[in-house]
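Here the structure comes first, spelled out in structure tokens, and everything after it is commentary.
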Amino acid sequence: MKNRITVTIAGQEYTLLADQDAAAAAKIAGHVDEKLSQVMEGSRLSVADGAVLAAMNIAEEYFKEQEAAENLRRQLKEYLEEAAKVKQELSEAKREIFRLQQQKK
């Protein structure tokens, strides 16, 4: 069910239909408002131009985070593969120890 949520960005109210709750929408709007304020600070840009630059900054952050997440996934996969290899080696070592113990008897 879609929720009707009103947020304020750059002093302008926007009514949204969103799947998330009001708190989540407010958090997102606050982030956008902060980024827009940073771009607009001390400049003579129109709000539209500032919004485009803020969107570019947010998109840049998004792609950097995506790349970082992909690097973490890749690293995790490598760790899991290494753990599986070590587990296999441990299993083989235990079998060898058992075999050697059986030969001694």
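Identifiers in the structure tokens: chain A, B, ... in order shown; residue index from 1 per chain; ligand index from 1 in order shown.
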
Taking the DSSP secondary structure from the backbone, can you list the residues of chain A that are strand (DSSP E or B), as a ChimeraX atom specification? /A:3-9,12-18

For the residues in the current selection, export N, CA and C atoms as a compact mmCIF listing (two decimals), in the first residue's frame.
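The file below, selection.txt, is the result:
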# COMPACT_ATOMS: atom_id res chain seq x y z
N ASN A 3 1.86 5.04 0.73
CA ASN A 3 1.59 6.07 1.74
C ASN A 3 1.75 7.44 1.11
N ARG A 4 0.88 8.35 1.47
CA ARG A 4 0.98 9.74 1.01
C ARG A 4 1.83 10.46 2.05
N ILE A 5 2.98 10.97 1.60
CA ILE A 5 3.96 11.58 2.50
C ILE A 5 4.33 12.95 1.96
N THR A 6 4.42 13.93 2.83
CA THR A 6 4.84 15.27 2.44
C THR A 6 6.23 15.51 3.01
N VAL A 7 7.16 15.91 2.13
CA VAL A 7 8.53 16.22 2.52
C VAL A 7 8.85 17.63 2.04
N THR A 8 9.87 18.22 2.65
CA THR A 8 10.31 19.56 2.26
C THR A 8 11.75 19.48 1.79
N ILE A 9 11.96 19.99 0.58
CA ILE A 9 13.31 20.05 0.01
C ILE A 9 13.49 21.45 -0.55
N GLN A 12 10.61 23.85 -0.41
CA GLN A 12 9.43 23.52 -1.21
C GLN A 12 8.85 22.19 -0.71
N GLU A 13 7.54 22.18 -0.49
CA GLU A 13 6.89 20.94 -0.06
C GLU A 13 6.53 20.08 -1.26
N TYR A 14 6.77 18.77 -1.10
CA TYR A 14 6.43 17.80 -2.13
C TYR A 14 5.62 16.69 -1.48
N THR A 15 4.53 16.31 -2.12
CA THR A 15 3.73 15.20 -1.62
C THR A 15 4.05 13.99 -2.49
N LEU A 16 4.44 12.92 -1.84
CA LEU A 16 4.86 11.71 -2.52
C LEU A 16 3.94 10.55 -2.20
N LEU A 17 3.83 9.63 -3.11
CA LEU A 17 3.22 8.33 -2.83
C LEU A 17 4.38 7.35 -2.75
N ALA A 18 4.56 6.76 -1.58
CA ALA A 18 5.74 5.93 -1.37
C ALA A 18 5.39 4.63 -0.66

Which residues are near A:Asp33? Cut-off 9 Å, only C-alpha atoms, ignore same chain within fewer than 5 positions. Put them as a PDB file with N, CA and C atoms, in the first residue's frame.
ATOM      1  N   THR A   8       9.870  18.219   2.649  1.00  0.00           N
ATOM      2  CA  THR A   8      10.307  19.557   2.256  1.00  0.00           C
ATOM      3  C   THR A   8      11.752  19.484   1.785  1.00  0.00           C
ATOM      4  N   ILE A   9      11.964  19.989   0.578  1.00  0.00           N
ATOM      5  CA  ILE A   9      13.314  20.050   0.006  1.00  0.00           C
ATOM      6  C   ILE A   9      13.492  21.451  -0.547  1.00  0.00           C
ATOM      7  N   ALA A  10      14.548  22.111  -0.113  1.00  0.00           N
ATOM      8  CA  ALA A  10      14.855  23.490  -0.543  1.00  0.00           C
ATOM      9  C   ALA A  10      13.677  24.417  -0.300  1.00  0.00           C
ATOM     10  N   GLY A  11      13.014  24.224   0.830  1.00  0.00           N
ATOM     11  CA  GLY A  11      11.910  25.091   1.202  1.00  0.00           C
ATOM     12  C   GLY A  11      10.609  24.821   0.460  1.00  0.00           C
ATOM     13  N   ILE A  28      15.359  10.290   3.534  1.00  0.00           N
ATOM     14  CA  ILE A  28      15.815  10.448   2.151  1.00  0.00           C
ATOM     15  C   ILE A  28      15.706  11.910   1.722  1.00  0.00           C
ATOM     16  N   GLN A  38      24.260  22.111   0.072  1.00  0.00           N
ATOM     17  CA  GLN A  38      25.711  22.177  -0.100  1.00  0.00           C
ATOM     18  C   GLN A  38      26.084  22.741  -1.475  1.00  0.00           C
ATOM     19  N   ALA A  54      23.291  18.431  -7.453  1.00  0.00           N
ATOM     20  CA  ALA A  54      23.098  17.600  -6.264  1.00  0.00           C
ATOM     21  C   ALA A  54      22.816  16.156  -6.672  1.00  0.00           C
TER      22      ALA A  54
END

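Separating atom CA of A:Ala59 from atom CA of A:Met1 is a distance of 27.7 Å.
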
Among A:Ile97, A:Val86, A:Glu61, A:Leu45, A:His31 is approached most closely, using only C-alpha atoms, by A:Glu61

For A:Ala55, please output as JSON, numbers by chain all residues within 9 Å (counting only C-alpha atoms; exclusion window: fewer than 6 positions along the same chain). {"A": [32, 35, 36]}

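Note that atom CA of A:Phe63 and atom CA of A:Gly42 are 26.9 Å apart.
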
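We find atom CA of A:Leu53 and atom CA of A:Val39 to be spaced 6.9 Å apart.
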